[in-house]
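Down below is the structure, laid out as structure tokens.
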Amino acid sequence: MYYMAKPLLTVRMDQDRLHALDKVADGIDRDRTYVVTQAIDAFLDVQKWQIEYIEEAMREAEAGKFASAAEVESAFARLRGRSRRWKAG
């Protein structure tokens with residue numbers, strides 16, 4: 001089976017981060033490349049989700065879909081109530 005060569009990426013990092021990376025790789029019996037690739041994939045997934053969420057919110061805003069002042073106040077009131085219960089608990 002033929003595999004296309006992948007581009008090389010060089011990354012500089014401090015010794016502590018490199019040590020932590022190696023520790024994770026050893027713990028899951030994988031190499032650095034695998035761990036770094038998984039971390040980059042997870043980062044990209046989060047960024048993609050955030051961008052899509054923001055773009056959807058922008059479309060809603062451009063269409064005039066906003067919460068009313070009463071809805072905003074109600075949401076803040078609920079959150080303030082949770083905050084007080086959390087502090088008291």
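Labeling convention for the structure tokens: chains A, B, ... as they appear, residues from 1 per chain, ligands from 1 in order of appearance.
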
Could you please write out, as an MDAnalysis selection string, every residue of chain A that DSSP assigns to alpha helix (DSSP H)? chainID A and resid 15:27 32:62 69:88

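In this comparison, which uses only C-alpha atoms, the residue of A:Gln38, A:Gln47, A:Arg12, A:Phe66 approaching A:Ala25 most closely is A:Gln38.
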
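When atom CA of A:Lys65 is paired with atom CA of A:Ile51, their separation reads 18.8 Å.
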
At a cut-off of 12 Å, using only C-alpha atoms, what residues contact A:Ala39? Leave out same-chain residues fewer than 5 positions from it and give the result as a VMD selection string. chain A and resid 21 24 to 25 32 to 34 44 to 46
